[in-house]
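First the structure, in the form of C-alpha cells, and then the observations on it.
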Protein chains: 2
Amino acid sequence: MSAFFEAHKSTLEKALEVSKTRDYWSPYPEVASGKIYGETAKDDGAAAFKSVLGGPFKLEGHPGESTVGAEQSPYGIDLDIAYPKASPAGLLKASSDAATGWAKASIEERTGVCLEILDRLNKRSFEMANAVSQTTGQAFMMAFQAGGPHAQDRGLEAVTYAYAEMTRTPQTAVWTKPQGKHDPLVLEKRYRVVPRGTALVIGCATFPTWNSYPGLFASLATGNTVIVKPHPGAILPLAITVQIGRDVLKEAGFDPNVLLLAADEPGSEITKELVEAPQVHIIDFTGSNSFGRWVRDNAGPDTQVYTEEAGVNSIVVASTDNFRGMCSNIAFSLSLYSGQMCTAPQNIYVPDGGIETDEGHKSFDEVADGIGKAVDKLLSDPARAGGVCGAIAGDVTADRVQSSASLGAVLRPSAQIEGMESARTATPLILKVREGETEAHHEEQFGPISFVIAVSDAKEAIERAADLASTKGAITASVYATDDETLDAAADAFASAGVSLSCNLTGGIFVNQSAAFSDYHVTGANPAGNASLTDAAFVANRFRIAATRRHMAA
Amino acid sequence: MSAFFEAHKSTLEKALEVSKTRDYWSPYPEVASGKIYGETAKDDGAAAFKSVLGGPFKLEGHPGESTVGAEQSPYGIDLDIAYPKASPAGLLKASSDAATGWAKASIEERTGVCLEILDRLNKRSFEMANAVSQTTGQAFMMAFQAGGPHAQDRGLEAVTYAYAEMTRTPQTAVWTKPQGKHDPLVLEKRYRVVPRGTALVIGCATFPTWNSYPGLFASLATGNTVIVKPHPGAILPLAITVQIGRDVLKEAGFDPNVLLLAADEPGSEITKELVEAPQVHIIDFTGSNSFGRWVRDNAGPDTQVYTEEAGVNSIVVASTDNFRGMCSNIAFSLSLYSGQMCTAPQNIYVPDGGIETDEGHKSFDEVADGIGKAVDKLLSDPARAGGVCGAIAGDVTADRVQSSASLGAVLRPSAQIEGMESARTATPLILKVREGETEAHHEEQFGPISFVIAVSDAKEAIERAADLASTKGAITASVYATDDETLDAAADAFASAGVSLSCNLTGGIFVNQSAAFSDYHVTGANPAGNASLTDAAFVANRFRIAATRRHMAA
C-alpha cells in the first residue's frame, strides 16, 4: 500500500488509457497562468531561482567532499551555483548501498514515488522555467513548457509504460496441468521484478529535463537506482529534479541516494568514468553522434544503452495548396529556439523547376524567397524574435553560424537580436545550394543553419532526404504535397528510413513538436538514436523477472 | 484479411489470455498418441524421416549452388542428408530481396503465416521426433515432446507476444488538442511497424527446435526476414521447419526466401560471416558462453543480440519432509537426456553436518548415497535407462564424462547403457567434493556430470550457489527446505542472482522443465543469457514504429 500511489492513481489510469488511444492529453497544464498555478507562482518561481544563485545548492545527505559548477547563462546573468562534488566511486558506492531497499519496494510504492515527484515538479514549473531558460537559452515561455509540463508529460509517459510492463505479469499464478485420470499437477508460482542495477542518465545542454526524464523515470520506476549526470552547462534543472526526488524518496522511507546528481565542470567531466563502471547496467544518453558512439562502444557488455543522438532533418517541398501557410510554418520551425532543437529541420528540398501552389507556379527561387521572407516577418519585432529564438546555448554553435555563411549562397543572413545585447543570439542563417555541388548539408550543422536545396524533382527530394536519414540519422521529416502519390511515396520512404513524417503542416502544429502519449520521439531505426520515447522496448529491458514455483499446498 | 489468421484466431486469443494468467495451456498435445495425431501418424512420421536419408533434402527455390551436410546420429544410424549449400552472400542477398513484401504485409497476414507454420509443424510432430532424436540423441519420447509440441508452444508464445506488442499501438489515431475559444487542433495519425532487417537464428546441437523457435517466430512475426543457421550436427529438424515455413509463405503469396536455411559442416561453419554481416540486425543465439561472447562482441553496432548461453545450475538441500521423493526427483533431473539440458542441475549443495528429513537426521554421506541410489534405481532397467538418458550428442561430451571422474570422489560412476552398443551413451557420473577444496564445480561441466558439495550450512549453500549464478550464470535453481526462512532467503538470493527457483519438487515436476506461457526460461539477468523466453523485452525491440501525421480533413 502506498499513499502516493493512491493519490495519483487516477492520473496513472488515464495515462494508461491515452497511451493506447494516442489522443491528446496532459495532466500538467502548459499554460503559464496564475489562474492555474497560483497568482504568485510566477514571482515565487523567480524568487526561488534567484535564491540559489551565487551559493551552494542544497542536497541534504548527498555524497560530495567539495563543490563544483561553472554554468554560464546564455543570457549573460551570473549564476555561480555550487553543487556537491562527488567522485564517481563515491556516487557508485552510494547508489549501490541504496539499491536493496528500492529493489524490494513494491511496484505500487515505486510508481507512487515517481508520480509524486512529477506532481511536485509540476508545482515548481515556474522555478524550472527560470532554471531551464537561464542555462539553455530557451525563451521563458518555451522553457516553461518544454522544461516543465511537456517534460513532466514525458516522465509520466515513461512511468506509465514501466507500470504497464511490470504488471503485465501477475505477481502470483496457479498452474494446473491435467494428468488424465490422475490428480492434476498443481504449482503455485510467484513472479518478481528484478532491476538491472544502477542506471546512468546523461543529460544534454539544450533540453536538460525533457530529454532526461524518460530514462530517469523509466529506470527509477523499474527499481534501479539512478545517477543523473547533467551537461556541465545545464545542471540546475536536473539538480532541482534530484532535490525534489530525494525529498519524496526520504518521505516514502527510502534511502534518498536512490537518486544522485553527478555534477561536473567543462574540461573535467566525469561522464566516461561513470559510463565504463561495471556497476552501471543502464545508460540513457542524449547528445552527439560521436560521443553517443563512444558510449555505446565503451559501456559494459551487459549494459543496456538507450541513445538519442543527432541527425539531419529534412523537409520535402513538392507542391502546396497553401503557400503562405507553408512558408510561415517552415519559418517558425527554423526559428524556434534558433534551430537548436533535435527536431528542427535543416534541409529543405525543392525541385529546381519550382512547384505548383495555390498562388500558381512558384520557381525554386520564389519558394526559397517565400521561406526567407516568412522568417523575416516572424522576427521583425525584436521582442517577438527574442520570444521565439531565445539565446544560443553554446559558443561553438554561435561560431558555427558565423563560419557557415560560406557553405552556400546566403538567402537570409543570421543576425543578433536587437535589444538582447548581453545575450548570445543568432537568427536563422538560410543558404541556397544545389544537390551534387556541395556536401555541407549532408552533415548536421547544429544551430540556426538551414539549406534550401535544389533537386531535379519531388522523387529525388524524397530519395535524398530519406537516404540521408538512413545513413546520418533523422528525428523528424516533413513533406508538402497536394497529391496522394507523393505523400504515400514519402510515407514509405521515410518509414523505411526510420523517420516519422509530418504532412502539409500549415497551422499551429510544427514538425519540431512531439506530443507525449501520441508521437513517438525518435524511432530507434536510424543513426539518430537506438531508442524511442516512449515505447515498450524503452522500458521492458530495464528489469527482468525472477520466479519461484512450488507444489500447491493441498 | 488473412485466411490463415482467421483459421487460427481462437488459438491466438487463448494464448494471449494464458500469457497473462500464466496457467497451464497448450494447443499442441504432448501425448504421442495415435488417437490424437492419427492412427498412422507414428508410422508415417518414421517413413517421412527415412525418406530423406541418404539424399538431397528438398527446399524448392532455395539458394544454393551445391550441397552440404555431415550430421552424425548419436544412435549410430546413417543419415547422409545433403542440404542446399549457399554462400553467406547469397543467403543475405536472397533475404534482402524478400524483405520488402514481408515488411509491407499486415500484422494479421504475418501472424497468420506464423500460426499456420506452427500448425503444420504440429501435424508433423512424429517426423520431427525422429529427426530430433536421431540428430541430438534425445530419447524418442522426449524428442517428440521437446522437439515437437513443447517447441511449438514456445514458438506460439513468441508469436503471441509479438502480436500483443505490435497491436498495442493503434494503426490510426485522431489527436485533438483544445485551443480555448478557438477551434481545436486536430491531427490524423498513422502508425506502422517497421522491421529491423534480416534476422539470424543460430541453433544449438541439443534442442534445435525448442531453443530456436522463439527467436525465429518473434523475428518473422515482426516483419523481419529470417536466416536459420542450424548447428552442423542438428540440421534436419530446422530444415523441416524451414521447408514447412517456405511452403506456407509461398501459399500466402510471399517470397519463400523470407525464411532461409544456412546449412554447413563442422570445420567450415559460416556462422561468423553471417554474424558480422551489416545486413543482419537481429541475432538469436543458443550455445556456449565463449561463442556467445564472440557473437555479442562481433555483431554490428546496431544489431540486437539475444542469447541463451550456459551456466552452472544448483540445488540447495537444506531439509526435507520427503527424503525419498527428493532423491528420486533429483535423480530424474540428473538423468534426463544424460544431463545435456541447459536446465539440468550440476551442483548439489548439502551441509556437511547433514540434514533433517522425514526419515530422521541424514548425514552428508547418507544424502549423497540417497541421490546416487535413486539414480541407480531409476536406471536399473536398461530399456527405461535408454528412454530417460537417450544418447550423448557429441564426442566431446562423452570424452568429458571420462576425464571428469578424477574431479572428486566418485559417488556413482558413469556407464554405458546396456543394449545400446551402437549408440554413444553415458549414465550420470556423480562426484563428491568439499567446497573450498576444488574449483571444478565452479565451471559448467556439460553432460551427465554432477557434484554433491559439502558446505558448512544451508546459508553457505545458498550463498555459494547464488554467487556462482551471478558470476558464471545459471538457468535454474532448486531448493529443498521445510522452513519458510530458508525458502525466503533462497528466493531473495536467487532472484538477486537472476535465477528462477523451484522449491521442494518431489512429484512429477522437475527443475529441468520450463512450461511455455507460465515459466520464463532464462531471466536475462546473469551470464547464462541476456534474454528471456518469452517476455516483452524479447519481442519489443525487433521492430520500430514510424508514424505519419497530418491535419485532419474537415
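Following the order of the C-alpha cells, chains are lettered A, B, ..., residues in each are numbered from 1, and ligands are numbered from 1.
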Write out as an mmCIF file with N, CA, C and O atoms, in the first residue's frame every residue belonging to chain A that has an atom at most 7 Å from any atom of chain B, counting only C-alpha atoms.
data_model
loop_
_atom_site.group_PDB
_atom_site.id
_atom_site.type_symbol
_atom_site.label_atom_id
_atom_site.label_comp_id
_atom_site.auth_asym_id
_atom_site.auth_seq_id
_atom_site.Cartn_x
_atom_site.Cartn_y
_atom_site.Cartn_z
ATOM 1 N N LYS A 20 -2.744 4.191 -25.215
ATOM 2 C CA LYS A 20 -3.308 3.268 -26.216
ATOM 3 C C LYS A 20 -4.097 3.993 -27.295
ATOM 4 O O LYS A 20 -3.990 3.670 -28.473
ATOM 5 N N THR A 21 -4.899 4.977 -26.899
ATOM 6 C CA THR A 21 -5.685 5.698 -27.918
ATOM 7 C C THR A 21 -4.799 6.688 -28.663
ATOM 8 O O THR A 21 -5.055 7.012 -29.802
ATOM 9 N N ARG A 22 -3.766 7.163 -27.975
ATOM 10 C CA ARG A 22 -2.818 8.142 -28.508
ATOM 11 C C ARG A 22 -3.490 9.462 -28.911
ATOM 12 O O ARG A 22 -3.047 10.171 -29.806
ATOM 13 N N ASP A 23 -4.523 9.811 -28.177
ATOM 14 C CA ASP A 23 -5.163 11.119 -28.321
ATOM 15 C C ASP A 23 -4.387 12.131 -27.475
ATOM 16 O O ASP A 23 -3.527 11.764 -26.680
ATOM 17 N N TYR A 24 -4.721 13.407 -27.643
ATOM 18 C CA TYR A 24 -4.094 14.442 -26.825
ATOM 19 C C TYR A 24 -4.525 14.297 -25.379
ATOM 20 O O TYR A 24 -5.694 14.075 -25.072
ATOM 21 N N ARG A 168 2.160 -6.567 -16.370
ATOM 22 C CA ARG A 168 1.558 -7.484 -17.348
ATOM 23 C C ARG A 168 1.772 -8.942 -16.919
ATOM 24 O O ARG A 168 1.048 -9.827 -17.367
ATOM 25 N N THR A 169 2.779 -9.182 -16.086
ATOM 26 C CA THR A 169 2.943 -10.495 -15.463
ATOM 27 C C THR A 169 2.311 -10.424 -14.075
ATOM 28 O O THR A 169 2.586 -9.487 -13.337
ATOM 29 N N PRO A 170 1.471 -11.399 -13.736
ATOM 30 C CA PRO A 170 0.854 -11.333 -12.405
ATOM 31 C C PRO A 170 1.909 -11.586 -11.322
ATOM 32 O O PRO A 170 2.971 -12.126 -11.607
ATOM 33 N N ALA A 173 0.548 -16.922 -9.605
ATOM 34 C CA ALA A 173 -0.279 -17.689 -10.537
ATOM 35 C C ALA A 173 -0.386 -19.123 -10.027
ATOM 36 O O ALA A 173 0.475 -19.602 -9.284
ATOM 37 N N VAL A 174 -1.453 -19.765 -10.418
ATOM 38 C CA VAL A 174 -1.603 -21.194 -10.134
ATOM 39 C C VAL A 174 -1.606 -21.911 -11.476
ATOM 40 O O VAL A 174 -2.343 -21.526 -12.396
ATOM 41 N N TRP A 175 -0.774 -22.921 -11.576
ATOM 42 C CA TRP A 175 -0.564 -23.650 -12.835
ATOM 43 C C TRP A 175 -1.080 -25.060 -12.623
ATOM 44 O O TRP A 175 -0.583 -25.788 -11.765
ATOM 45 N N THR A 176 -2.103 -25.419 -13.340
ATOM 46 C CA THR A 176 -2.764 -26.706 -13.131
ATOM 47 C C THR A 176 -2.713 -27.502 -14.413
ATOM 48 O O THR A 176 -3.358 -27.161 -15.409
ATOM 49 N N LYS A 177 -1.934 -28.583 -14.395
ATOM 50 C CA LYS A 177 -1.785 -29.389 -15.603
ATOM 51 C C LYS A 177 -2.525 -30.707 -15.421
ATOM 52 O O LYS A 177 -2.182 -31.516 -14.545
ATOM 53 N N VAL A 194 12.995 -7.857 -11.025
ATOM 54 C CA VAL A 194 14.384 -7.704 -10.579
ATOM 55 C C VAL A 194 15.026 -6.586 -11.401
ATOM 56 O O VAL A 194 15.123 -6.700 -12.621
ATOM 57 N N ALA A 491 5.767 8.671 -47.322
ATOM 58 C CA ALA A 491 5.487 7.865 -46.121
ATOM 59 C C ALA A 491 6.259 6.552 -46.168
ATOM 60 O O ALA A 491 6.854 6.129 -45.172
ATOM 61 N N ALA A 495 9.404 5.893 -43.666
ATOM 62 C CA ALA A 495 9.218 4.762 -42.745
ATOM 63 C C ALA A 495 10.385 3.799 -42.879
ATOM 64 O O ALA A 495 10.939 3.323 -41.887
ATOM 65 N N SER A 496 10.786 3.494 -44.122
ATOM 66 C CA SER A 496 11.937 2.612 -44.327
ATOM 67 C C SER A 496 13.202 3.194 -43.720
ATOM 68 O O SER A 496 14.064 2.460 -43.247
ATOM 69 N N GLY A 498 13.192 4.942 -41.130
ATOM 70 C CA GLY A 498 13.007 5.054 -39.682
ATOM 71 C C GLY A 498 12.760 6.464 -39.181
ATOM 72 O O GLY A 498 13.214 6.848 -38.121
ATOM 73 N N VAL A 499 11.982 7.230 -39.951
ATOM 74 C CA VAL A 499 11.644 8.587 -39.511
ATOM 75 C C VAL A 499 10.144 8.773 -39.572
ATOM 76 O O VAL A 499 9.514 8.378 -40.553
ATOM 77 N N SER A 500 9.592 9.383 -38.557
ATOM 78 C CA SER A 500 8.182 9.744 -38.614
ATOM 79 C C SER A 500 8.035 11.004 -39.448
ATOM 80 O O SER A 500 8.947 11.830 -39.519
ATOM 81 N N LEU A 501 6.883 11.122 -40.087
ATOM 82 C CA LEU A 501 6.689 12.134 -41.120
ATOM 83 C C LEU A 501 5.487 13.020 -40.807
ATOM 84 O O LEU A 501 4.412 12.532 -40.472
ATOM 85 N N SER A 502 5.697 14.328 -40.932
ATOM 86 C CA SER A 502 4.591 15.275 -40.829
ATOM 87 C C SER A 502 4.212 15.731 -42.231
ATOM 88 O O SER A 502 5.085 16.045 -43.040
ATOM 89 N N CYS A 503 2.906 15.741 -42.506
ATOM 90 C CA CYS A 503 2.445 16.051 -43.867
ATOM 91 C C CYS A 503 1.674 17.376 -43.884
ATOM 92 O O CYS A 503 0.710 17.554 -43.131
ATOM 93 N N ASN A 504 2.106 18.278 -44.753
ATOM 94 C CA ASN A 504 1.350 19.505 -45.037
ATOM 95 C C ASN A 504 0.989 20.310 -43.795
ATOM 96 O O ASN A 504 -0.148 20.745 -43.632
ATOM 97 N N LEU A 505 1.958 20.502 -42.917
ATOM 98 C CA LEU A 505 1.679 21.315 -41.729
ATOM 99 C C LEU A 505 1.651 22.788 -42.127
ATOM 100 O O LEU A 505 2.616 23.324 -42.667
ATOM 101 N N THR A 523 12.642 7.075 -33.720
ATOM 102 C CA THR A 523 12.114 5.712 -33.914
ATOM 103 C C THR A 523 13.051 4.646 -33.363
ATOM 104 O O THR A 523 12.621 3.540 -33.078
ATOM 105 N N GLY A 524 14.329 4.967 -33.274
ATOM 106 C CA GLY A 524 15.307 3.928 -32.921
ATOM 107 C C GLY A 524 15.787 3.147 -34.125
ATOM 108 O O GLY A 524 16.553 2.196 -33.982
ATOM 109 N N ALA A 525 15.346 3.537 -35.305
ATOM 110 C CA ALA A 525 15.648 2.750 -36.505
ATOM 111 C C ALA A 525 16.592 3.452 -37.484
ATOM 112 O O ALA A 525 16.686 3.048 -38.633
ATOM 113 N N ALA A 536 7.370 0.246 -25.660
ATOM 114 C CA ALA A 536 7.614 -0.855 -24.729
ATOM 115 C C ALA A 536 9.088 -1.227 -24.689
ATOM 116 O O ALA A 536 9.627 -1.575 -23.637
ATOM 117 N N ALA A 537 9.752 -1.158 -25.843
ATOM 118 C CA ALA A 537 11.172 -1.518 -25.885
ATOM 119 C C ALA A 537 12.004 -0.604 -24.987
ATOM 120 O O ALA A 537 13.054 -1.005 -24.496
ATOM 121 N N ALA A 540 10.962 -2.252 -21.277
ATOM 122 C CA ALA A 540 10.814 -3.678 -20.951
ATOM 123 C C ALA A 540 12.119 -4.335 -20.528
ATOM 124 O O ALA A 540 12.103 -5.327 -19.798
ATOM 125 N N ASN A 541 13.238 -3.814 -20.969
ATOM 126 C CA ASN A 541 14.520 -4.454 -20.646
ATOM 127 C C ASN A 541 15.246 -3.766 -19.494
ATOM 128 O O ASN A 541 16.411 -4.037 -19.247
ATOM 129 N N ARG A 544 14.137 -7.498 -15.140
ATOM 130 C CA ARG A 544 13.935 -8.879 -15.542
ATOM 131 C C ARG A 544 12.932 -9.479 -14.553
ATOM 132 O O ARG A 544 12.623 -8.869 -13.520
ATOM 133 N N ILE A 545 12.459 -10.657 -14.869
ATOM 134 C CA ILE A 545 11.525 -11.315 -13.957
ATOM 135 C C ILE A 545 12.150 -12.597 -13.428
ATOM 136 O O ILE A 545 12.645 -13.417 -14.198
ATOM 137 N N ALA A 546 12.156 -12.742 -12.116
ATOM 138 C CA ALA A 546 12.589 -13.999 -11.496
ATOM 139 C C ALA A 546 11.369 -14.601 -10.804
ATOM 140 O O ALA A 546 10.546 -13.890 -10.237
ATOM 141 N N ALA A 547 11.262 -15.903 -10.896
ATOM 142 C CA ALA A 547 10.074 -16.577 -10.367
ATOM 143 C C ALA A 547 10.463 -17.627 -9.330
ATOM 144 O O ALA A 547 11.606 -18.065 -9.257
ATOM 145 N N THR A 548 9.492 -18.005 -8.522
ATOM 146 C CA THR A 548 9.620 -19.219 -7.713
ATOM 147 C C THR A 548 8.408 -20.078 -8.015
ATOM 148 O O THR A 548 7.344 -19.581 -8.392
ATOM 149 N N ARG A 549 8.557 -21.393 -7.877
ATOM 150 C CA ARG A 549 7.410 -22.298 -8.042
ATOM 151 C C ARG A 549 7.539 -23.418 -7.035
ATOM 152 O O ARG A 549 8.639 -23.824 -6.674
ATOM 153 N N ARG A 550 6.394 -23.878 -6.593
ATOM 154 C CA ARG A 550 6.369 -24.988 -5.635
ATOM 155 C C ARG A 550 5.038 -25.722 -5.782
ATOM 156 O O ARG A 550 4.077 -25.152 -6.317
ATOM 157 N N HIS A 551 5.013 -26.959 -5.301
ATOM 158 C CA HIS A 551 3.750 -27.690 -5.316
ATOM 159 C C HIS A 551 2.743 -26.918 -4.468
ATOM 160 O O HIS A 551 3.077 -26.398 -3.415
#
**OP:** Determine, counting only C-alpha atoms, which protein, DNA and RNA residues have an atom within 9 Å of an atom of Asn130 of chain A; residues of the same chain fewer than 4 positions away are not included. Present the result as a ChimeraX atom specification.
**Re:** /A:45-46,49-50,125-126,134-135,140,143-144,237
Please produce an output containing N, CA, C and O atoms for each residue in the selection, written as a compact mmCIF listing (two decimals), in the first residue's frame.
# COMPACT_ATOMS: atom_id res chain seq x y z
N GLY A 45 8.40 31.53 -8.35
CA GLY A 45 9.37 30.77 -9.13
C GLY A 45 10.62 31.58 -9.40
O GLY A 45 11.74 31.06 -9.29
N ALA A 46 10.43 32.85 -9.74
CA ALA A 46 11.58 33.73 -10.00
C ALA A 46 12.41 33.90 -8.73
O ALA A 46 13.64 33.86 -8.76
N PHE A 49 14.35 30.74 -7.93
CA PHE A 49 15.51 30.66 -8.83
C PHE A 49 16.63 31.57 -8.33
O PHE A 49 17.79 31.16 -8.20
N LYS A 50 16.27 32.81 -8.04
CA LYS A 50 17.31 33.78 -7.61
C LYS A 50 17.98 33.34 -6.32
O LYS A 50 19.16 33.61 -6.10
N SER A 125 6.96 24.49 -11.69
CA SER A 125 7.25 24.72 -13.12
C SER A 125 7.79 26.12 -13.41
O SER A 125 8.60 26.31 -14.32
N PHE A 126 7.34 27.12 -12.66
CA PHE A 126 7.88 28.47 -12.91
C PHE A 126 9.35 28.55 -12.51
O PHE A 126 10.16 29.16 -13.21
N GLN A 134 17.63 30.04 -18.23
CA GLN A 134 18.92 30.68 -17.95
C GLN A 134 20.12 29.75 -18.17
O GLN A 134 21.25 30.22 -18.21
N THR A 135 19.89 28.46 -18.28
CA THR A 135 21.02 27.56 -18.58
C THR A 135 21.08 27.18 -20.05
O THR A 135 22.16 26.97 -20.59
N PHE A 140 11.67 32.27 -22.23
CA PHE A 140 10.99 31.87 -21.00
C PHE A 140 9.78 30.98 -21.23
O PHE A 140 9.61 29.96 -20.58
N ALA A 143 10.80 27.58 -22.27
CA ALA A 143 11.43 26.91 -21.13
C ALA A 143 10.38 26.43 -20.15
O ALA A 143 10.50 25.34 -19.56
N PHE A 144 9.33 27.24 -19.99
CA PHE A 144 8.24 26.80 -19.10
C PHE A 144 7.61 25.53 -19.64
O PHE A 144 7.46 24.54 -18.92
N PRO A 237 18.53 22.63 -13.75
CA PRO A 237 17.22 21.98 -13.91
C PRO A 237 17.21 20.54 -13.37
O PRO A 237 16.23 20.10 -12.78
Subject >> Within 9 Å of segment 107-121 of chain A using only C-alpha atoms, minus same-chain residues under 2 positions, as an NGL selection string >> reply: :A and (1-9 or 11-12 or 28 or 102 or 105 or 123-125 or 128 or 148-149 or 152-153 or 155-156 or 159-160 or 162-163 or 166-167 or 193 or 217 or 220-223 or 240-241 or 244-249 or 252)
Show me, as a compact mmCIF listing (two decimals) with N, CA and C atoms, in the first residue's frame, the residues that have an atom within 8 Å of Gly387 of chain A when counting only C-alpha atoms, minus same-chain residues fewer than 2 positions from it.
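Here's the written file result_8.txt:
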# COMPACT_ATOMS: atom_id res chain seq x y z
N ALA A 139 13.81 30.69 -24.68
CA ALA A 139 12.97 31.80 -24.24
C ALA A 139 12.10 31.32 -23.07
N PHE A 140 11.67 32.27 -22.23
CA PHE A 140 10.99 31.87 -21.00
C PHE A 140 9.78 30.98 -21.23
N MET A 141 8.94 31.36 -22.19
CA MET A 141 7.70 30.61 -22.37
C MET A 141 7.99 29.18 -22.85
N ALA A 383 11.07 41.97 -29.87
CA ALA A 383 10.58 41.29 -28.67
C ALA A 383 10.06 39.90 -29.04
N ARG A 384 9.33 39.85 -30.16
CA ARG A 384 8.83 38.55 -30.58
C ARG A 384 9.98 37.64 -31.02
N ALA A 385 10.95 38.23 -31.69
CA ALA A 385 12.12 37.45 -32.11
C ALA A 385 12.80 36.80 -30.91
N CYS A 389 13.20 32.90 -30.70
CA CYS A 389 14.56 32.36 -30.88
C CYS A 389 15.28 32.08 -29.57
N GLY A 390 15.00 32.84 -28.54
CA GLY A 390 15.78 32.70 -27.32
C GLY A 390 17.23 33.03 -27.58
Subject >> For Pro266 of chain B: contacts at 12 Å, only C-alpha atoms, fewer than 2 positions along chain excluded, given as JSON, numbers by chain >> reply: {"B": [68, 69, 70, 71, 72, 205, 230, 231, 232, 233, 234, 235, 263, 264, 268, 269, 270, 271, 394]}
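Backbone DSSP assigns strand (DSSP E or B) in segment 330-371 of chain B to B:Asn347, B:Ile348, B:Tyr349, B:Val350, B:Pro351, B:Ile355, B:Glu356, B:Thr357, B:Gly360, B:His361, B:Lys362.
Distances to Thr343 of chain A were evaluated for A:Ile475, A:Ile453, A:Ala218, A:Val316 using only C-alpha atoms, and the minimum falls at A:Ile475.
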Original post:
Taking the backbone alone, and naming residues the way the document does, which bits of segment 191-337 of chain A are alpha helix (DSSP H) by DSSP, as number ranges by chain?
Top reply: A: 213-221, 236-251, 271-276, 289-298, 323-335
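Note that atom CA of Arg154 of chain B and atom CA of Tyr213 of chain B are 6.5 Å apart.
Proximity to Asp457 of chain A at 8 Å, evaluated using only C-alpha atoms and with sequence-adjacent residues fewer than 3 positions away removed, yields Ala318, Val350, Pro351, Asp352, Gly353, Glu460 and Ala461 of chain A.
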Filtering to all heavy atoms, could you give me those residues as a PDB file, in the first residue's frame?
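See part08.pdb below for the written result:
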ATOM      1  N   ALA A 318       7.047  19.617 -52.422  1.00  0.00           N
ATOM      2  CA  ALA A 318       6.690  19.116 -53.748  1.00  0.00           C
ATOM      3  C   ALA A 318       5.579  19.944 -54.387  1.00  0.00           C
ATOM      4  O   ALA A 318       5.568  20.166 -55.599  1.00  0.00           O
ATOM      5  CB  ALA A 318       6.256  17.657 -53.667  1.00  0.00           C
ATOM      6  N   VAL A 350      13.710  21.372 -52.687  1.00  0.00           N
ATOM      7  CA  VAL A 350      12.736  21.987 -53.593  1.00  0.00           C
ATOM      8  C   VAL A 350      13.155  21.674 -55.033  1.00  0.00           C
ATOM      9  O   VAL A 350      14.325  21.851 -55.389  1.00  0.00           O
ATOM     10  CB  VAL A 350      12.685  23.519 -53.383  1.00  0.00           C
ATOM     11  CG1 VAL A 350      11.669  24.169 -54.320  1.00  0.00           C
ATOM     12  CG2 VAL A 350      12.370  23.866 -51.923  1.00  0.00           C
ATOM     13  N   PRO A 351      12.218  21.215 -55.864  1.00  0.00           N
ATOM     14  CA  PRO A 351      12.562  20.947 -57.265  1.00  0.00           C
ATOM     15  C   PRO A 351      13.095  22.215 -57.945  1.00  0.00           C
ATOM     16  O   PRO A 351      12.540  23.308 -57.741  1.00  0.00           O
ATOM     17  CB  PRO A 351      11.232  20.509 -57.882  1.00  0.00           C
ATOM     18  CG  PRO A 351      10.421  20.007 -56.727  1.00  0.00           C
ATOM     19  CD  PRO A 351      10.823  20.851 -55.559  1.00  0.00           C
ATOM     20  N   ASP A 352      14.134  22.064 -58.753  1.00  0.00           N
ATOM     21  CA  ASP A 352      14.717  23.264 -59.375  1.00  0.00           C
ATOM     22  C   ASP A 352      13.798  23.881 -60.419  1.00  0.00           C
ATOM     23  O   ASP A 352      13.949  25.053 -60.760  1.00  0.00           O
ATOM     24  CB  ASP A 352      16.119  22.982 -59.941  1.00  0.00           C
ATOM     25  CG  ASP A 352      16.145  21.838 -60.922  1.00  0.00           C
ATOM     26  OD1 ASP A 352      15.047  21.351 -61.299  1.00  0.00           O
ATOM     27  OD2 ASP A 352      17.244  21.404 -61.297  1.00  0.00           O
ATOM     28  N   GLY A 353      12.811  23.109 -60.879  1.00  0.00           N
ATOM     29  CA  GLY A 353      11.834  23.684 -61.797  1.00  0.00           C
ATOM     30  C   GLY A 353      10.685  24.381 -61.081  1.00  0.00           C
ATOM     31  O   GLY A 353       9.739  24.847 -61.716  1.00  0.00           O
ATOM     32  N   GLU A 460      13.339  12.840 -56.434  1.00  0.00           N
ATOM     33  CA  GLU A 460      14.724  12.944 -55.955  1.00  0.00           C
ATOM     34  C   GLU A 460      14.765  13.548 -54.547  1.00  0.00           C
ATOM     35  O   GLU A 460      15.579  13.150 -53.711  1.00  0.00           O
ATOM     36  CB  GLU A 460      15.588  13.789 -56.909  1.00  0.00           C
ATOM     37  CG  GLU A 460      17.073  13.652 -56.543  1.00  0.00           C
ATOM     38  CD  GLU A 460      17.991  14.711 -57.157  1.00  0.00           C
ATOM     39  OE1 GLU A 460      17.516  15.516 -57.968  1.00  0.00           O
ATOM     40  OE2 GLU A 460      19.174  14.719 -56.790  1.00  0.00           O
ATOM     41  N   ALA A 461      13.890  14.514 -54.305  1.00  0.00           N
ATOM     42  CA  ALA A 461      13.850  15.138 -52.983  1.00  0.00           C
ATOM     43  C   ALA A 461      13.614  14.082 -51.905  1.00  0.00           C
ATOM     44  O   ALA A 461      14.319  14.030 -50.887  1.00  0.00           O
ATOM     45  CB  ALA A 461      12.744  16.192 -52.946  1.00  0.00           C
TER      46      ALA A 461
END
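Across the model, the gap from atom CA of Thr303 of chain B to atom CA of Thr225 of chain A is 27.2 Å.
In terms of minimum interatomic distance to Phe291 of chain B, B:Ile202 ranks closest within B:Ala393, B:Leu411, B:Ala277, B:Ile202, counting only C-alpha atoms.
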Original post:
Neighbours of Glu443 of chain B within 12 Å (only C-alpha atoms; same-chain residues fewer than 4 positions away dropped), as an MDAnalysis selection string?
Top reply: chainID B and resid 289 310:314 346:347 407 438:439 449:451 465 468:469 471:474
**OP:** For atom CA of Arg400 of chain A and atom CA of Cys204 of chain A, quote the distance in Å rounded to one decimal.
**Re:** 18.5 Å
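Nearest residue to Lys85 of chain A, choosing from A:Ala262, A:Lys14, A:Glu276, A:Leu53 and counting only C-alpha atoms: A:Ala262.
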